[in-house]
>>> print(open('model39.cif').read())   # mmCIF, C-alpha atoms
data_work
loop_
_atom_site.label_atom_id
_atom_site.label_comp_id
_atom_site.auth_asym_id
_atom_site.auth_seq_id
_atom_site.Cartn_x
_atom_site.Cartn_y
_atom_site.Cartn_z
CA MET Y 1222 -28.83 -20.50 10.27
CA THR Y 1223 -26.95 -22.55 12.84
CA ALA Y 1224 -23.33 -23.50 12.23
CA THR Y 1225 -22.64 -27.11 13.17
CA GLU Y 1226 -18.86 -26.98 12.73
CA THR Y 1227 -16.07 -24.62 13.73
CA LEU Y 1228 -12.92 -24.22 11.64
CA SER Y 1229 -9.71 -22.66 12.87
CA ASP Y 1230 -8.38 -19.75 10.85
CA LEU Y 1231 -5.57 -22.05 9.62
CA GLN Y 1232 -8.04 -24.71 8.47
CA ALA Y 1233 -10.06 -22.08 6.61
CA ARG Y 1234 -6.92 -20.73 4.97
CA ARG Y 1235 -5.89 -24.21 3.80
CA VAL Y 1236 -9.36 -24.88 2.40
CA ALA Y 1237 -9.27 -21.55 0.54
CA LEU Y 1238 -5.77 -22.08 -0.87
CA LEU Y 1239 -6.55 -25.53 -2.21
CA ALA Y 1240 -9.87 -24.36 -3.64
CA GLN Y 1241 -7.94 -21.73 -5.60
CA GLY Y 1242 -5.57 -24.31 -7.05
CA PHE Y 1243 -2.56 -23.72 -4.82
CA GLY Y 1244 -0.85 -26.78 -3.44
CA ASP Y 1245 -1.43 -28.86 -6.58
CA ARG Y 1246 1.62 -30.30 -8.31
CA ARG Y 1247 2.69 -28.04 -11.17
CA PRO Y 1248 2.68 -29.75 -14.58
CA ALA Y 1249 6.02 -30.23 -16.31
CA LYS Y 1250 4.69 -28.64 -19.50
CA PRO Y 1251 1.48 -26.65 -18.97
CA GLY Y 1252 -0.85 -26.57 -21.97
CA LYS Y 1253 -4.36 -25.46 -22.89
CA ALA Y 1254 -5.96 -28.27 -20.89
CA HIS Y 1255 -4.18 -27.05 -17.75
CA LEU Y 1256 -5.29 -23.48 -18.42
CA ARG Y 1257 -8.89 -24.65 -18.79
CA ARG Y 1258 -8.63 -26.41 -15.44
CA VAL Y 1259 -7.42 -23.19 -13.82
CA PHE Y 1260 -10.49 -21.38 -15.13
CA ASP Y 1261 -12.74 -24.23 -14.03
CA ARG Y 1262 -11.15 -23.93 -10.59
CA VAL Y 1263 -11.32 -20.16 -10.11
CA GLY Y 1264 -14.45 -19.43 -12.17
CA LEU Y 1265 -13.18 -16.29 -13.91
CA ILE Y 1266 -10.07 -14.10 -14.10
CA GLN Y 1267 -10.11 -10.32 -13.99
CA ILE Y 1268 -8.71 -8.35 -16.93
CA ASP Y 1269 -6.65 -5.23 -16.29
CA SER Y 1270 -4.85 -2.98 -18.75
CA VAL Y 1271 -1.76 -2.09 -16.68
CA ASN Y 1272 1.28 -3.58 -18.40
CA VAL Y 1273 4.24 -2.46 -16.30
CA LEU Y 1274 4.97 -6.14 -15.62
CA SER Y 1275 2.42 -8.22 -17.53
CA ARG Y 1276 -1.26 -7.84 -18.30
CA SER Y 1277 -2.88 -9.09 -15.14
CA HIS Y 1278 -4.95 -11.89 -16.69
CA TYR Y 1279 -1.77 -13.77 -17.62
CA LEU Y 1280 -0.50 -13.84 -14.03
CA PRO Y 1281 -3.03 -16.00 -12.10
CA PRO Y 1282 -2.44 -19.04 -14.36
CA PHE Y 1283 1.32 -18.52 -14.06
CA ALA Y 1284 1.00 -18.42 -10.27
CA ARG Y 1285 -0.73 -21.81 -10.32
CA LEU Y 1286 0.91 -23.59 -13.27
CA GLY Y 1287 4.30 -22.03 -13.85
CA ALA Y 1288 5.66 -21.21 -17.30
CA TYR Y 1289 2.81 -21.84 -19.74
CA ASP Y 1290 2.78 -20.48 -23.29
CA HIS Y 1291 1.16 -17.03 -23.55
CA ALA Y 1292 -0.13 -18.04 -26.99
CA ASP Y 1293 -2.25 -20.78 -25.40
CA MET Y 1294 -4.00 -18.21 -23.23
CA ASP Y 1295 -4.56 -15.92 -26.19
CA ALA Y 1296 -6.02 -18.82 -28.20
CA LEU Y 1297 -8.48 -19.73 -25.44
CA ALA Y 1298 -9.53 -16.11 -24.95
CA TRP Y 1299 -9.43 -14.63 -28.46
CA GLY Y 1300 -8.68 -17.40 -30.95
CA LYS Y 1301 -11.05 -18.91 -33.49
CA ARG Y 1302 -11.93 -21.80 -31.15
CA LYS Y 1303 -12.12 -19.79 -27.97
CA ALA Y 1304 -13.12 -21.42 -24.69
CA LEU Y 1305 -13.50 -18.12 -22.81
CA PHE Y 1306 -15.58 -15.00 -23.30
CA GLU Y 1307 -15.31 -11.48 -21.96
CA TYR Y 1308 -17.97 -9.93 -19.79
CA TRP Y 1309 -18.54 -8.07 -16.54
CA GLY Y 1310 -18.11 -10.82 -13.94
CA HIS Y 1311 -15.77 -9.49 -11.28
CA GLU Y 1312 -15.05 -6.25 -13.14
CA ALA Y 1313 -14.10 -6.97 -16.77
CA SER Y 1314 -13.29 -10.67 -16.79
CA LEU Y 1315 -12.41 -13.70 -18.86
CA ILE Y 1316 -15.03 -16.36 -18.08
CA PRO Y 1317 -15.47 -19.98 -19.23
CA MET Y 1318 -17.81 -20.10 -22.23
CA ALA Y 1319 -20.18 -22.52 -20.48
CA TYR Y 1320 -21.07 -19.82 -17.93
CA GLN Y 1321 -22.40 -17.36 -20.54
CA PRO Y 1322 -26.06 -18.37 -20.03
CA LEU Y 1323 -25.68 -17.67 -16.28
CA LEU Y 1324 -24.98 -14.01 -17.03
CA ARG Y 1325 -27.79 -13.33 -19.49
CA TRP Y 1326 -29.98 -11.91 -16.71
CA ARG Y 1327 -27.30 -9.26 -16.12
CA MET Y 1328 -27.21 -8.49 -19.84
CA ALA Y 1329 -31.01 -8.15 -19.93
CA ARG Y 1330 -30.96 -5.77 -16.97
CA ALA Y 1331 -28.23 -3.69 -18.60
CA GLU Y 1332 -30.34 -3.42 -21.77
CA ALA Y 1333 -33.18 -2.20 -19.57
CA GLY Y 1334 -30.89 0.42 -18.03
CA VAL Y 1335 -30.19 -1.39 -14.75
CA GLY Y 1336 -26.88 -2.62 -13.39
CA THR Y 1337 -24.41 -0.54 -15.41
CA TYR Y 1338 -22.53 2.58 -14.43
CA SER Y 1339 -25.00 5.44 -14.05
CA GLY Y 1340 -23.40 7.52 -16.81
CA LEU Y 1341 -23.50 4.61 -19.25
CA ALA Y 1342 -27.11 3.82 -18.34
CA ARG Y 1343 -28.05 7.46 -18.97
CA PHE Y 1344 -26.24 7.37 -22.32
CA GLY Y 1345 -28.24 4.25 -23.19
CA ARG Y 1346 -31.51 6.06 -22.48
CA GLU Y 1347 -30.62 9.29 -24.25
CA LYS Y 1348 -28.76 7.93 -27.30
CA ARG Y 1349 -30.82 4.88 -28.22
CA THR Y 1350 -31.08 5.82 -31.91
CA TYR Y 1351 -27.32 6.32 -32.16
CA ILE Y 1352 -26.70 3.02 -30.35
CA GLU Y 1353 -28.96 1.22 -32.83
CA GLN Y 1354 -26.94 2.75 -35.68
CA VAL Y 1355 -23.71 1.52 -34.08
CA LEU Y 1356 -25.17 -1.95 -33.63
CA ASP Y 1357 -26.19 -1.98 -37.28
CA GLU Y 1358 -22.67 -0.98 -38.29
CA VAL Y 1359 -21.17 -3.79 -36.22
CA ARG Y 1360 -23.65 -6.13 -37.90
CA ARG Y 1361 -22.51 -4.93 -41.34
CA ARG Y 1362 -18.78 -4.48 -40.78
CA GLY Y 1363 -17.75 -6.36 -37.64
CA PRO Y 1364 -15.49 -7.23 -36.06
CA LEU Y 1365 -14.29 -3.68 -35.51
CA SER Y 1366 -12.95 -1.43 -32.78
CA ALA Y 1367 -14.72 1.60 -31.33
CA GLY Y 1368 -12.29 3.84 -33.21
CA GLU Y 1369 -13.19 2.24 -36.54
CA LEU Y 1370 -16.85 3.24 -36.36
CA GLU Y 1371 -17.95 5.61 -39.10
CA GLN Y 1372 -19.29 8.00 -36.45
CA ALA Y 1373 -16.87 7.17 -33.67
CA GLY Y 1374 -16.51 10.69 -32.34
CA LYS Y 1375 -13.61 11.91 -30.26
CA GLY Y 1376 -12.86 11.18 -26.62
CA ALA Y 1377 -12.35 13.86 -24.01
CA GLY Y 1378 -8.96 12.53 -22.91
CA GLY Y 1379 -8.03 10.74 -19.69
CA TRP Y 1380 -8.85 7.23 -18.51
CA TRP Y 1381 -12.63 7.55 -18.90
CA GLY Y 1382 -12.73 10.17 -21.65
CA TRP Y 1383 -14.67 7.84 -23.93
CA SER Y 1384 -15.98 8.91 -27.31
CA ASP Y 1385 -19.65 8.40 -28.10
CA GLY Y 1386 -18.64 5.41 -30.24
CA LYS Y 1387 -16.84 3.83 -27.31
CA ARG Y 1388 -19.80 4.49 -25.01
CA ALA Y 1389 -22.15 2.92 -27.54
CA VAL Y 1390 -20.19 -0.30 -27.99
CA GLU Y 1391 -19.62 -0.57 -24.23
CA TRP Y 1392 -23.36 -0.18 -23.61
CA LEU Y 1393 -23.99 -2.87 -26.22
CA PHE Y 1394 -21.32 -5.02 -24.56
CA TRP Y 1395 -23.00 -4.70 -21.15
CA ALA Y 1396 -26.32 -5.60 -22.77
CA GLY Y 1397 -24.83 -8.68 -24.44
CA LEU Y 1398 -25.74 -7.38 -27.90
CA VAL Y 1399 -22.07 -7.37 -28.92
CA THR Y 1400 -19.12 -9.25 -27.51
CA THR Y 1401 -15.35 -9.32 -27.90
CA ALA Y 1402 -14.41 -11.16 -31.08
CA THR Y 1403 -10.68 -10.74 -30.49
CA ARG Y 1404 -8.19 -8.09 -29.45
CA ARG Y 1405 -5.68 -6.11 -31.46
CA GLY Y 1406 -2.89 -5.47 -29.01
CA PHE Y 1407 -5.15 -4.75 -26.08
CA GLU Y 1408 -7.90 -3.05 -28.10
CA ARG Y 1409 -11.25 -4.84 -28.22
CA LEU Y 1410 -12.75 -5.73 -31.56
CA TYR Y 1411 -16.52 -6.06 -31.21
CA ASP Y 1412 -18.85 -8.36 -33.09
CA LEU Y 1413 -22.26 -9.98 -32.74
CA PRO Y 1414 -22.48 -12.88 -30.25
CA GLU Y 1415 -23.91 -15.18 -32.92
CA ARG Y 1416 -20.70 -14.77 -34.92
CA VAL Y 1417 -18.39 -15.27 -31.92
CA LEU Y 1418 -19.91 -17.69 -29.41
CA PRO Y 1419 -20.11 -21.44 -30.12
CA GLN Y 1420 -23.47 -22.63 -31.39
CA SER Y 1421 -23.78 -24.97 -28.40
CA VAL Y 1422 -23.70 -21.93 -26.08
CA LEU Y 1423 -26.13 -19.94 -28.20
CA ASP Y 1424 -28.53 -22.92 -28.17
CA THR Y 1425 -28.39 -23.33 -24.37
CA PRO Y 1426 -31.72 -22.24 -22.86
CA THR Y 1427 -31.62 -19.13 -20.71
CA PRO Y 1428 -32.08 -20.10 -17.04
CA THR Y 1429 -34.34 -18.18 -14.70
CA VAL Y 1430 -32.70 -15.31 -12.84
CA GLU Y 1431 -32.84 -17.31 -9.62
CA ASP Y 1432 -31.28 -20.44 -11.15
CA ALA Y 1433 -28.54 -18.38 -12.81
CA GLN Y 1434 -27.72 -16.55 -9.60
CA ARG Y 1435 -27.60 -19.82 -7.66
CA GLY Y 1436 -25.21 -21.12 -10.31
CA LEU Y 1437 -22.92 -18.11 -9.91
CA ILE Y 1438 -22.95 -18.31 -6.11
CA GLU Y 1439 -22.09 -22.01 -6.29
CA ILE Y 1440 -19.18 -21.27 -8.65
CA ALA Y 1441 -17.95 -18.62 -6.23
CA ALA Y 1442 -18.30 -20.96 -3.25
CA ARG Y 1443 -16.42 -23.74 -5.01
CA ALA Y 1444 -13.66 -21.30 -6.01
CA MET Y 1445 -13.21 -19.95 -2.47
CA GLY Y 1446 -13.87 -23.11 -0.47
CA VAL Y 1447 -15.09 -21.20 2.57
CA ALA Y 1448 -16.55 -17.72 2.43
CA THR Y 1449 -18.75 -15.10 4.06
CA GLU Y 1450 -21.84 -13.59 2.48
CA THR Y 1451 -19.88 -10.55 1.28
CA ASP Y 1452 -17.14 -12.80 -0.16
CA LEU Y 1453 -19.75 -14.74 -2.14
CA ARG Y 1454 -21.51 -11.56 -3.26
CA ASP Y 1455 -18.29 -9.86 -4.39
CA TYR Y 1456 -17.01 -12.72 -6.56
CA PHE Y 1457 -19.51 -11.94 -9.34
CA ARG Y 1458 -20.48 -8.50 -7.98
CA MET Y 1459 -24.07 -9.35 -7.10
CA ASP Y 1460 -26.83 -7.52 -5.25
CA PRO Y 1461 -26.85 -7.97 -1.43
CA GLY Y 1462 -30.52 -8.93 -1.16
CA GLU Y 1463 -30.39 -11.38 -4.05
CA THR Y 1464 -27.17 -12.89 -2.70
CA ARG Y 1465 -28.73 -13.51 0.72
CA ALA Y 1466 -31.75 -15.17 -0.87
CA ARG Y 1467 -29.61 -17.44 -3.07
CA ILE Y 1468 -27.34 -18.37 -0.14
CA ALA Y 1469 -30.39 -19.38 1.90
CA GLU Y 1470 -31.64 -21.55 -0.98
CA LEU Y 1471 -28.25 -23.22 -1.53
CA THR Y 1472 -27.94 -23.83 2.21
CA GLU Y 1473 -31.36 -25.50 2.20
CA GLU Y 1474 -30.18 -27.69 -0.72
CA GLY Y 1475 -27.01 -28.64 1.16
CA VAL Y 1476 -24.67 -27.04 -1.40
CA LEU Y 1477 -23.46 -24.58 1.23
CA VAL Y 1478 -22.75 -25.73 4.78
CA PRO Y 1479 -22.89 -23.13 7.59
CA VAL Y 1480 -19.66 -23.00 9.62
CA GLN Y 1481 -17.93 -20.76 12.10
CA VAL Y 1482 -14.35 -19.67 11.49
CA ARG Y 1483 -12.42 -18.59 14.56
CA GLY Y 1484 -11.40 -14.97 14.30
CA TRP Y 1485 -13.69 -14.08 11.41
CA GLY Y 1486 -16.48 -12.73 13.59
CA ARG Y 1487 -19.20 -13.32 11.01
CA ALA Y 1488 -21.22 -16.11 9.46
CA ALA Y 1489 -19.46 -18.29 6.88
CA TRP Y 1490 -20.30 -21.13 4.53
CA LEU Y 1491 -18.21 -24.10 3.45
CA TYR Y 1492 -18.70 -25.50 -0.04
CA ARG Y 1493 -20.00 -29.04 0.47
CA ASP Y 1494 -17.31 -30.69 -1.69
CA ALA Y 1495 -14.41 -28.53 -0.52
CA PRO Y 1496 -11.30 -30.65 0.24
CA ARG Y 1497 -9.82 -30.35 3.74
CA PRO Y 1498 -6.03 -30.44 3.30
CA ARG Y 1499 -3.78 -31.03 6.30
CA LYS Y 1500 -1.13 -28.79 4.80
CA VAL Y 1501 -0.62 -26.64 1.72
CA GLU Y 1502 2.82 -26.15 0.18
CA ALA Y 1503 2.89 -23.40 -2.43
CA THR Y 1504 5.08 -20.54 -3.58
CA ALA Y 1505 3.67 -17.99 -5.98
CA LEU Y 1506 3.80 -14.32 -6.94
CA LEU Y 1507 0.24 -13.02 -7.02
CA SER Y 1508 -1.13 -10.38 -9.35
CA PRO Y 1509 -2.76 -7.48 -7.48
CA PHE Y 1510 -5.98 -8.73 -9.12
CA ASP Y 1511 -5.53 -12.44 -8.32
CA ASN Y 1512 -8.77 -14.11 -7.20
CA LEU Y 1513 -7.14 -15.15 -3.92
CA ILE Y 1514 -6.59 -11.55 -2.78
CA TRP Y 1515 -8.76 -9.27 -4.95
CA ARG Y 1516 -11.18 -8.77 -2.06
CA ARG Y 1517 -8.86 -6.85 0.27
CA GLU Y 1518 -10.96 -7.35 3.41
CA ARG Y 1519 -10.90 -11.13 2.86
CA ALA Y 1520 -7.11 -11.08 2.34
CA GLU Y 1521 -6.72 -9.24 5.62
CA ARG Y 1522 -9.14 -11.54 7.45
CA MET Y 1523 -7.56 -14.71 6.08
CA PHE Y 1524 -3.86 -13.82 5.96
CA GLY Y 1525 -3.53 -10.81 8.25
CA PHE Y 1526 -2.34 -9.02 5.09
CA HIS Y 1527 -3.28 -5.36 4.69
CA TYR Y 1528 -2.98 -4.63 0.98
CA ARG Y 1529 -3.80 -1.56 -1.07
CA ILE Y 1530 -2.71 -1.14 -4.68
CA GLU Y 1531 -0.74 2.09 -5.04
CA ILE Y 1532 -0.85 2.64 -8.81
CA TYR Y 1533 -2.96 5.76 -8.33
CA VAL Y 1534 -1.02 7.04 -5.31
CA PRO Y 1535 1.55 9.83 -5.98
CA ALA Y 1536 5.05 8.34 -6.09
CA HIS Y 1537 6.28 10.15 -2.98
CA LYS Y 1538 3.37 8.77 -0.94
CA ARG Y 1539 3.73 5.11 -1.92
CA VAL Y 1540 4.65 2.72 0.87
CA HIS Y 1541 5.50 -0.45 -1.04
CA GLY Y 1542 5.64 0.55 -4.72
CA TYR Y 1543 3.77 1.01 -7.98
CA TYR Y 1544 2.91 -2.57 -9.03
CA VAL Y 1545 3.28 -4.77 -6.00
CA LEU Y 1546 2.84 -8.55 -6.06
CA PRO Y 1547 2.27 -10.35 -2.75
CA PHE Y 1548 4.39 -13.48 -2.32
CA LEU Y 1549 2.61 -16.65 -1.20
CA GLN Y 1550 4.97 -18.95 0.67
CA GLY Y 1551 3.55 -22.11 2.20
CA GLU Y 1552 0.30 -21.04 3.84
CA ARG Y 1553 1.16 -17.38 4.44
CA LEU Y 1554 1.82 -14.21 2.52
CA THR Y 1555 5.39 -13.41 3.51
CA ALA Y 1556 6.52 -10.52 1.30
CA ARG Y 1557 5.51 -8.01 -1.35
CA CYS Y 1558 7.55 -7.20 -4.45
CA ASP Y 1559 7.37 -4.10 -6.61
CA LEU Y 1560 8.16 -5.49 -10.07
CA LYS Y 1561 8.74 -4.00 -13.49
CA ALA Y 1562 9.57 -5.65 -16.80
CA ASP Y 1563 12.20 -3.63 -18.65
CA ARG Y 1564 11.59 -5.25 -22.01
CA GLN Y 1565 14.09 -3.16 -23.93
CA ALA Y 1566 16.94 -4.14 -21.59
CA ARG Y 1567 15.45 -7.64 -21.08
CA VAL Y 1568 15.60 -7.21 -17.29
CA LEU Y 1569 13.09 -8.04 -14.57
CA ARG Y 1570 13.52 -5.19 -12.10
CA VAL Y 1571 12.71 -5.79 -8.44
CA GLN Y 1572 12.27 -2.19 -7.38
CA ALA Y 1573 11.51 -3.03 -3.76
CA VAL Y 1574 10.87 -6.10 -1.64
CA HIS Y 1575 9.30 -5.79 1.79
CA ARG Y 1576 8.81 -8.63 4.24
CA GLU Y 1577 5.80 -9.15 6.47
CA ASP Y 1578 6.37 -8.84 10.22
CA HIS Y 1579 6.06 -12.60 10.79
CA ALA Y 1580 8.66 -13.48 8.11
CA GLN Y 1581 12.45 -13.24 8.02
CA PRO Y 1582 14.43 -12.14 4.92
CA LEU Y 1583 16.70 -15.19 4.94
CA ASP Y 1584 13.68 -17.49 5.02
CA ILE Y 1585 11.97 -15.65 2.17
CA ALA Y 1586 14.86 -15.02 -0.22
CA PRO Y 1587 15.64 -18.49 -1.68
CA ALA Y 1588 12.02 -19.35 -2.54
CA LEU Y 1589 11.28 -15.85 -3.82
CA ALA Y 1590 14.43 -15.88 -5.97
CA GLU Y 1591 13.31 -19.15 -7.55
CA ARG Y 1592 9.89 -17.78 -8.46
CA LEU Y 1593 11.42 -14.59 -9.85
CA GLN Y 1594 13.80 -16.63 -12.00
CA ASP Y 1595 10.82 -18.64 -13.28
CA MET Y 1596 8.99 -15.41 -14.07
CA ALA Y 1597 11.94 -13.84 -15.87
CA ALA Y 1598 12.36 -16.92 -18.05
CA TRP Y 1599 8.61 -17.09 -18.78
CA MET Y 1600 8.65 -13.44 -19.86
CA ASP Y 1601 11.83 -13.88 -21.91
CA LEU Y 1602 13.79 -11.49 -19.71
CA GLY Y 1603 17.45 -12.37 -19.47
CA ASP Y 1604 18.35 -10.97 -16.07
CA ILE Y 1605 16.99 -9.95 -12.66
CA GLU Y 1606 18.09 -6.77 -10.92
CA VAL Y 1607 17.22 -6.24 -7.25
CA HIS Y 1608 17.32 -2.65 -6.11
CA GLY Y 1609 18.06 -1.63 -2.55
CA HIS Y 1610 14.60 -0.82 -1.26
CA GLY Y 1611 12.85 -2.84 1.45
CA GLU Y 1612 13.89 -5.00 4.37
CA ALA Y 1613 14.37 -8.17 2.28
CA ALA Y 1614 16.23 -6.60 -0.67
CA ALA Y 1615 19.76 -7.45 0.45
CA ALA Y 1616 18.95 -11.12 1.15
CA LEU Y 1617 17.09 -11.42 -2.15
CA ARG Y 1618 19.92 -9.80 -4.10
CA GLU Y 1619 22.34 -12.38 -2.72
CA ALA Y 1620 19.95 -15.26 -3.46
CA VAL Y 1621 19.37 -14.09 -7.03
CA SER Y 1622 23.08 -13.64 -7.70
#
>>> encode(input="model39.cif", output="structure tokens")
Amino acid sequence: MTATETLSDLQARRVALLAQGFGDRRPAKPGKAHLRRVFDRVGLIQIDSVNVLSRSHYLPPFARLGAYDHADMDALAWGKRKALFEYWGHEASLIPMAYQPLLRWRMARAEAGVGTYSGLARFGREKRTYIEQVLDEVRRRGPLSAGELEQAGKGAGGWWGWSDGKRAVEWLFWAGLVTTATRRGFERLYDLPERVLPQSVLDTPTPTVEDAQRGLIEIAARAMGVATETDLRDYFRMDPGETRARIAELTEEGVLVPVQVRGWGRAAWLYRDAPRPRKVEATALLSPFDNLIWRRERAERMFGFHYRIEIYVPAHKRVHGYYVLPFLQGERLTARCDLKADRQARVLRVQAVHREDHAQPLDIAPALAERLQDMAAWMDLGDIEVHGHGEAAAALREAVS
């Protein structure tokens, strides 16, 4: 592979920001059509259960659109006429329904005991009769939760202390033999794909593994604009060898264009239709699991932004806070905010706000205050309280007041 073009790090950053939907004019009244366009743009959105601020899957559309109706997202994901389905894309993800055939190869491998967590794969081998019984019960009684199974069993406690019933439905979910019909609160209700997915999707022929993988790599390339091999591989969590083969094929087809990016120190590819903006103007609070920054090495390479989520770090060892949202301002990440929604008091609590070395508090505060006010209103929180932690807290407190 020989790169015929060199991009500056700033050019690459602009391409990536626009590819992710930043810099577009925000609609006055975002609706379902705008949400669909966000998913078309980014390819998938990661689901996460932490709810100290908001479930993470609601935040990437808010970052790009502003105050949309939560009910519209729920309808697309879990309503009767859903446009999204749940599966393992980049971790557990919401994915446009049209991409379901592109992931059937992963489902088939999971059914064969390949590509899932080792413990779940072992459970699939050792408990096949029990799994068949669970599948039959879902067929008879679905949709239902893992806890509603007649032989659900009891969990061992803790995050991954799954019961046998939960292990069975999760194995079936990996294998594509059940899917999420809807959610009750945040609890999955499982049902058969033929009772959940649109007939047009069910009738779509299953592509070859190679065609499906090329499709996923192209979606990832379009969503990132410019990317390295590991960036492309990570987007849908694919195998290194298969990713390299598919990249070579898409390069031969002209879908991916080899480029050099100054400062990256590794090969990169530009999506052939990626726009080349001269400037990107955007302000947004980013979920820790936002597609723009979920690959931490890429965030550091592209923005000079070293980011580690500290949810699992003991409180006294945290540097920036429990649930920290990076702040995108213009073409840089300028600050990080530790946020909490106090729903009982109807207050958005800014528990800390730290600036990046290249940014000044007085330059950050007005734009950050505006986005926080938007977020508080979107979440039906009546007030914002800024606590005194971090270099930019005082300036933000004044701007908010």
>>> closest_residue(input="model39.cif", among="Y:Glu1450, Y:Glu1606, Y:Glu1463, Y:Asp1230", to="Glu1431 of chain Y", atoms="only C-alpha atoms")
Y:Glu1463
>>> resolve_selection(input="model39.cif", expression="the PyMOL selection byres ((chain Y and resi 1597) around 12)", output="JSON, numbers by chain")
{"Y": [1274, 1275, 1283, 1287, 1288, 1560, 1561, 1562, 1563, 1564, 1567, 1568, 1569, 1570, 1571, 1590, 1591, 1592, 1593, 1594, 1595, 1596, 1598, 1599, 1600, 1601, 1602, 1603, 1604, 1605, 1606, 1621]}
>>> residues_around(input="model39.cif", residues="Leu1471 of chain Y", least_positions_apart="6", cutoff="9 Å", atoms="all atoms listed in the file", output="number ranges by chain")
Y: 1435, 1438-1439, 1477-1478
>>> write_last_selection(input="model39.cif", atoms="C-alpha atoms", output="PDB file, in the frame of the given file")
ATOM      1  CA  ARG Y1435     -27.600 -19.820  -7.660  1.00  0.00           C
ATOM      2  CA  ILE Y1438     -22.950 -18.310  -6.110  1.00  0.00           C
ATOM      3  CA  GLU Y1439     -22.090 -22.010  -6.290  1.00  0.00           C
ATOM      4  CA  LEU Y1477     -23.460 -24.580   1.230  1.00  0.00           C
ATOM      5  CA  VAL Y1478     -22.750 -25.730   4.780  1.00  0.00           C
TER       6      VAL Y1478
END
>>> closest_residue(input="model39.cif", among="Y:Phe1548, Y:Tyr1279, Y:Trp1490, Y:Tyr1533", to="Ala1503 of chain Y", atoms="all atoms listed in the file")
Y:Phe1548
>>> atom_distance(input="model39.cif", atom1="atom CA of Gln1372 of chain Y", atom2="atom CA of Arg1330 of chain Y")
26.6 Å
>>> resolve_selection(input="model39.cif", expression="the PyMOL selection byres ((chain Y and resi 1419) around 12)", output="list in words")
Lys1301, Arg1302, Lys1303, Ala1304, Leu1305, Phe1306, Pro1317, Met1318, Ala1319, Gln1321, Ala1402, Leu1413, Pro1414, Glu1415, Arg1416, Val1417, Leu1418, Gln1420, Ser1421, Val1422, Leu1423, Asp1424 and Thr1425 of chain Y
